[in-house]
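Working notes, structure below.
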Amino acid sequence: MRILSTRIGVIRKVSGPLVIAENMEDANMFDVVKVGNNKLIGEIIEMHGADASIQVYEETSGLGPGAEVFSTGAPLSVELGPGLIGSIFDGIGRPLKAIMKVAGNNLKKGVDVFSLDRQIQWEFCPVLSVGDEVSSGDVIGYVLETPIVKHKIMVPHNVFGKLKSISKKGKFTVDQNVAIVLTEDEKEVEIAMLQSWPVRVGRPYIKKLSPDIPMITGQRVIDVLFPIAKGGVAAVPGPFGSGKTVVQHQLAKWSEADIVVYIGCGERGNEMTDVLNEFPSIIDPQTGNSLMQRTILIANTSDMPVAAREASIYTGITIGEYFRDMGYSVALMADSTSRWAEALREMSGRLEEMPGEEGYPAYLGSRLSSFYERAGRVRIFGKDKLTLEGDFDTTRNEPNKNNYREGILTVIGAVSPPGGDVSEPVSQATLRIVKVFWGLDSALAYKRHFPAINWLISYSLYADILSDWYVKNVSSDWMKLRGRLMSFLSKESELEEIVKLVGVDALSGQDRLKLEVARSIREDFLHQNALHEVDTFTPLKKQHLMMKLILEFYDMSYLILEKDDVKIEKLISIPIREKIGRFKYVKIENLESEYEEISQRLNCEISAASIDEDFNSADTDETQRVSTN
């Protein structure tokens with residue numbers, strides 16, 4: 001963000017974070033400017049002749065008419081290079097740790113720091129040689145940024161030619177040149193480890209691919225009932241206290257992604273503090289290292305300047321696209337887009353634009369679309385010797401028959417509708433875009449059922465697309481079992497209406513069995529303890545066995561109820577049901593043996609319940625006969 005600037009205008013009006021400046025005919029839309037003596041960072045968002053409306057990303061108190069405006073001549077951009085992983089930035093990409101060193105514990109106006117440290121030396125390891133042909137996106141070398149992330153140094157977009165020179169293995173700062181490309185028109189292009197990219201412009205790719213690979217999260221209600229594809233988009237709407245942030249934390253910790261970008265957009269400071277305290281202590285199950293070694297945090301808390309909140313999600317998704325272009329699978333969590341929309345509404349009001357529904361600007365839907373549409377599983381530019389391109393496809397874990405590189409950016413946005421009313425504009429605009437809806441329910445949260453995802457209102461449009469993957473990689477009956485679970489939960493809702501009217505005793509034994517199985521699905525399968533060392537993450541194999549056990553109990557019990565005169569109370573009280581409910585706490589190494597034992601005992605106990613019932617019935621008949629005589 002530290003860019004040379006020249007004076008171009010004078011302030012005429014100040015209205016909160018909105019500044020109107022005149023004599024700005026030499027400026028362009030979306031140029032970054034610096035305002036007043038403190039050089040506050042702002043962005044031109046509207047032009048009327050020589051007057052420009054400037055969105056200032058810092059506190060404007062003390063700023064008044066007559067103050068000078070300086071132009072940088074460049075759009076709002078984020079610095080991309082080694083040093084991103086494990087860092088926390090504000091909404092416009094400034095590192096908060098560096099700001100704290102300069103300004104102390106409180107955020108001050110006009111602090112001008114580099115996004116990436118120019119003093120740190122990174123060990124650059126080349127993978128190409130002088131004379132090699134290169135083009136956009138080609139990986140020329142890498143930096144081992146953390147023990148688990150190879151930060152790939154790529155040829156910038158629209159650069160083609162031959163490597164005239166490339167540095168040998170050694171230590172360099174991010175702004176030092178490590179290679180020179182000689183283009184076809186004999187121009188020399190210097191390449192450093194540092195790139196810059198406008199946050200409001202999506203990074204290009206060759207082709208968007210079908211989202212037919214699931215992103216495994218280890219959360220049973222998501223992986224089984226409402227799965228999300230790699231490169232997909234999902235919304236998590238819910239009222240205050242329903243667990244949106246906890247769900248996103250769980251996804252950040254356990255989802256099948258190489259890089260996690262977490263955007264705290266207008267969130268409370270204590271929630272971001274929890275993230276900062278918790279993530280470094282979490283051991284990544286995929287690598288055994290700290291989760292922060294593959295995480296980037298963007299923080300614009302509720303007490304930070306509101307204008308920077310609007311830019312924060314663009315800053316985060318640009319960083320996500322950068323790592324996607326390296327061939328990584330990136331998961332981006334935006335918490336929450338409602339507060340981003342509120343910032344958009346405030347700026348729209350100050351610009352005196354015609355308001356839409358509930359005061360939000362008429363372009364709310366298009367702005368949300370432009371954000372979510374940057375997600376996807378895509379074919380990316382360039383060659384990469386590090387991933388053995390043409391030999392192995394790391395995203396599918398199989399030989400690469402297509403001979404191209406893939407990158408993945410999955411976006412999950414939380415929505416905070418007032419009072420949990422998803423009919424409000426932000427929720428409705430989001431639902432028109434995303435393909436997965438995880439509807440959180442405060443009633444479930446009050447019952448301590450987490451994740452509090454309501455299975456009756458949630459949906460996933462990826463389920464059918466992903467069915468082939470589940471059948472091929474987990475089990476041929478996965479989708480059948482999933483369908484049966486959904487039908488039981490739906491049937492429970494119907495039967496509860498009858499129970500409220502006439503009582504549970506009026507139901508048949510078969511219907512009472514369905515209610516009991518639905519209760520088991522809710523409490524034993526869907527309920528998951530995020531704080532339990534085993535239950536916090538459930539691999540697909542374990543999820544499959546859990547579904548089978550619950551449905552085996554139903555199938556065996558239903559047959560007994562049809563053939564024999566067995567009381568339903570006898571079946572639902574068999575001792576093995578407790579072990580079925582506690583199967584979610586079984587460690588992965590004991591799965592097979594524990595499943596076999598429970599399955600055998602289940603068969604024995606249901607058979608015994610039937611025999612006992614017949615025996616008791618015979619005793620009763622004999623007693624009645626003797627008494628009559």
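Quick note on naming: the chains in the structure tokens go A, B, ... in the order shown, residues restart at 1 in each chain, and ligands are numbered from 1 in order of appearance.
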
Return as a PDB file with N, CA, C and O atoms, in the first residue's frame the full set of residues in stretch 339-555 of chain A whose backbone-based DSSP assignment is strand (DSSP E or B).
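To be explicit, this is the file written out as result_23.pdb:
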ATOM      1  N   PRO A 355     -32.357   3.890  -2.789  1.00  0.00           N
ATOM      2  CA  PRO A 355     -32.289   2.647  -2.003  1.00  0.00           C
ATOM      3  C   PRO A 355     -33.199   1.567  -2.573  1.00  0.00           C
ATOM      4  O   PRO A 355     -34.233   1.851  -3.175  1.00  0.00           O
ATOM      5  N   PRO A 361     -28.567  -1.163  -1.348  1.00  0.00           N
ATOM      6  CA  PRO A 361     -28.500  -0.651  -2.725  1.00  0.00           C
ATOM      7  C   PRO A 361     -29.083  -1.639  -3.723  1.00  0.00           C
ATOM      8  O   PRO A 361     -29.102  -2.859  -3.478  1.00  0.00           O
ATOM      9  N   GLY A 376     -14.560 -21.666  -7.468  1.00  0.00           N
ATOM     10  CA  GLY A 376     -14.653 -22.679  -8.515  1.00  0.00           C
ATOM     11  C   GLY A 376     -13.463 -23.619  -8.541  1.00  0.00           C
ATOM     12  O   GLY A 376     -12.400 -23.338  -7.974  1.00  0.00           O
ATOM     13  N   ARG A 377     -13.691 -24.734  -9.176  1.00  0.00           N
ATOM     14  CA  ARG A 377     -12.606 -25.674  -9.499  1.00  0.00           C
ATOM     15  C   ARG A 377     -12.242 -25.400 -10.946  1.00  0.00           C
ATOM     16  O   ARG A 377     -13.070 -25.560 -11.852  1.00  0.00           O
ATOM     17  N   VAL A 378     -11.014 -24.959 -11.182  1.00  0.00           N
ATOM     18  CA  VAL A 378     -10.670 -24.417 -12.494  1.00  0.00           C
ATOM     19  C   VAL A 378      -9.384 -25.036 -13.035  1.00  0.00           C
ATOM     20  O   VAL A 378      -8.546 -25.551 -12.288  1.00  0.00           O
ATOM     21  N   ARG A 379      -9.279 -24.963 -14.345  1.00  0.00           N
ATOM     22  CA  ARG A 379      -8.030 -25.290 -15.005  1.00  0.00           C
ATOM     23  C   ARG A 379      -7.193 -24.017 -15.031  1.00  0.00           C
ATOM     24  O   ARG A 379      -7.640 -22.979 -15.519  1.00  0.00           O
ATOM     25  N   ASP A 393      -2.683 -36.378 -10.705  1.00  0.00           N
ATOM     26  CA  ASP A 393      -3.645 -35.334 -10.386  1.00  0.00           C
ATOM     27  C   ASP A 393      -3.863 -35.347  -8.878  1.00  0.00           C
ATOM     28  O   ASP A 393      -4.483 -36.259  -8.331  1.00  0.00           O
ATOM     29  N   GLU A 398      -5.282 -39.491  -8.297  1.00  0.00           N
ATOM     30  CA  GLU A 398      -5.228 -40.528  -9.316  1.00  0.00           C
ATOM     31  C   GLU A 398      -4.374 -40.030 -10.479  1.00  0.00           C
ATOM     32  O   GLU A 398      -4.087 -38.838 -10.584  1.00  0.00           O
ATOM     33  N   GLU A 406      -4.946 -28.162 -12.056  1.00  0.00           N
ATOM     34  CA  GLU A 406      -6.200 -27.698 -11.481  1.00  0.00           C
ATOM     35  C   GLU A 406      -5.934 -26.917 -10.205  1.00  0.00           C
ATOM     36  O   GLU A 406      -4.992 -27.199  -9.468  1.00  0.00           O
ATOM     37  N   GLY A 407      -6.777 -25.939  -9.956  1.00  0.00           N
ATOM     38  CA  GLY A 407      -6.782 -25.202  -8.697  1.00  0.00           C
ATOM     39  C   GLY A 407      -8.202 -25.110  -8.195  1.00  0.00           C
ATOM     40  O   GLY A 407      -9.148 -25.134  -8.981  1.00  0.00           O
ATOM     41  N   ILE A 408      -8.356 -25.017  -6.887  1.00  0.00           N
ATOM     42  CA  ILE A 408      -9.693 -25.046  -6.289  1.00  0.00           C
ATOM     43  C   ILE A 408      -9.833 -23.911  -5.285  1.00  0.00           C
ATOM     44  O   ILE A 408      -8.948 -23.684  -4.456  1.00  0.00           O
ATOM     45  N   LEU A 409     -10.956 -23.202  -5.380  1.00  0.00           N
ATOM     46  CA  LEU A 409     -11.306 -22.177  -4.396  1.00  0.00           C
ATOM     47  C   LEU A 409     -12.763 -22.397  -3.984  1.00  0.00           C
ATOM     48  O   LEU A 409     -13.677 -22.208  -4.781  1.00  0.00           O
ATOM     49  N   THR A 410     -12.956 -22.838  -2.755  1.00  0.00           N
ATOM     50  CA  THR A 410     -14.286 -23.085  -2.202  1.00  0.00           C
ATOM     51  C   THR A 410     -14.638 -21.943  -1.256  1.00  0.00           C
ATOM     52  O   THR A 410     -13.824 -21.569  -0.413  1.00  0.00           O
ATOM     53  N   VAL A 411     -15.850 -21.390  -1.408  1.00  0.00           N
ATOM     54  CA  VAL A 411     -16.252 -20.226  -0.617  1.00  0.00           C
ATOM     55  C   VAL A 411     -17.461 -20.568   0.237  1.00  0.00           C
ATOM     56  O   VAL A 411     -18.470 -21.077  -0.268  1.00  0.00           O
ATOM     57  N   ILE A 412     -17.351 -20.293   1.535  1.00  0.00           N
ATOM     58  CA  ILE A 412     -18.442 -20.522   2.482  1.00  0.00           C
ATOM     59  C   ILE A 412     -18.705 -19.208   3.205  1.00  0.00           C
ATOM     60  O   ILE A 412     -17.840 -18.698   3.916  1.00  0.00           O
ATOM     61  N   GLY A 413     -19.881 -18.654   2.991  1.00  0.00           N
ATOM     62  CA  GLY A 413     -20.209 -17.362   3.572  1.00  0.00           C
ATOM     63  C   GLY A 413     -21.268 -17.475   4.654  1.00  0.00           C
ATOM     64  O   GLY A 413     -22.307 -18.109   4.453  1.00  0.00           O
ATOM     65  N   ALA A 414     -21.001 -16.872   5.798  1.00  0.00           N
ATOM     66  CA  ALA A 414     -22.010 -16.810   6.854  1.00  0.00           C
ATOM     67  C   ALA A 414     -22.903 -15.603   6.623  1.00  0.00           C
ATOM     68  O   ALA A 414     -22.455 -14.563   6.138  1.00  0.00           O
ATOM     69  N   VAL A 415     -24.180 -15.763   6.930  1.00  0.00           N
ATOM     70  CA  VAL A 415     -25.144 -14.672   6.817  1.00  0.00           C
ATOM     71  C   VAL A 415     -25.811 -14.507   8.184  1.00  0.00           C
ATOM     72  O   VAL A 415     -26.165 -15.502   8.823  1.00  0.00           O
ATOM     73  N   VAL A 436     -25.495 -24.527  -1.837  1.00  0.00           N
ATOM     74  CA  VAL A 436     -25.624 -25.254  -0.573  1.00  0.00           C
ATOM     75  C   VAL A 436     -26.149 -24.284   0.478  1.00  0.00           C
ATOM     76  O   VAL A 436     -25.625 -23.179   0.628  1.00  0.00           O
ATOM     77  N   PHE A 437     -27.185 -24.701   1.177  1.00  0.00           N
ATOM     78  CA  PHE A 437     -27.810 -23.877   2.207  1.00  0.00           C
ATOM     79  C   PHE A 437     -27.819 -24.675   3.503  1.00  0.00           C
ATOM     80  O   PHE A 437     -28.515 -25.687   3.613  1.00  0.00           O
ATOM     81  N   LEU A 440     -29.206 -22.679   9.900  1.00  0.00           N
ATOM     82  CA  LEU A 440     -29.033 -22.867  11.340  1.00  0.00           C
ATOM     83  C   LEU A 440     -30.317 -22.508  12.081  1.00  0.00           C
ATOM     84  O   LEU A 440     -31.042 -21.597  11.695  1.00  0.00           O
ATOM     85  N   ILE A 453     -27.710 -27.326  12.409  1.00  0.00           N
ATOM     86  CA  ILE A 453     -28.194 -27.239  11.029  1.00  0.00           C
ATOM     87  C   ILE A 453     -29.539 -27.959  10.943  1.00  0.00           C
ATOM     88  O   ILE A 453     -29.629 -29.160  11.212  1.00  0.00           O
ATOM     89  N   TYR A 459     -30.440 -27.627   2.274  1.00  0.00           N
ATOM     90  CA  TYR A 459     -30.375 -28.403   1.031  1.00  0.00           C
ATOM     91  C   TYR A 459     -28.975 -28.292   0.429  1.00  0.00           C
ATOM     92  O   TYR A 459     -28.197 -27.392   0.773  1.00  0.00           O
ATOM     93  N   SER A 460     -28.682 -29.212  -0.481  1.00  0.00           N
ATOM     94  CA  SER A 460     -27.441 -29.177  -1.261  1.00  0.00           C
ATOM     95  C   SER A 460     -27.764 -29.590  -2.693  1.00  0.00           C
ATOM     96  O   SER A 460     -28.270 -30.689  -2.921  1.00  0.00           O
TER      97      SER A 460
END

Selection near A:Ala308, 12 Å with only C-alpha atoms, sequence-local residues under 3 positions removed, as number ranges by chain
A: 17-18, 40-43, 55-59, 76, 89-94, 264-266, 298-305, 311-315, 339-340, 343-344, 347

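Take atom CA of A:Glu533 and atom CA of A:Lys447: the distance between them is 21.8 Å.
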
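Distances from A:Gly73, A:Pro280, A:Gly320, A:Gly439 to A:Gly420 were compared using only C-alpha atoms, and the smallest one belongs to A:Gly439.
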
Kindly indicate which residue among A:Glu310, A:Glu594, A:Tyr558, A:Leu225 lies nearest to A:Leu461, using only C-alpha atoms for the distances.
A:Leu225

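With atom CA of A:Val14 on one side and atom CA of A:Lys108 on the other, the separation reads 19.1 Å.
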
For A:Lys570, work out the shell of residues within 12 Å, counting only C-alpha atoms and skipping chain neighbours fewer than 6 positions away, then give it as a ChimeraX atom specification.
/A:509,513,557,560-561,577,605-613
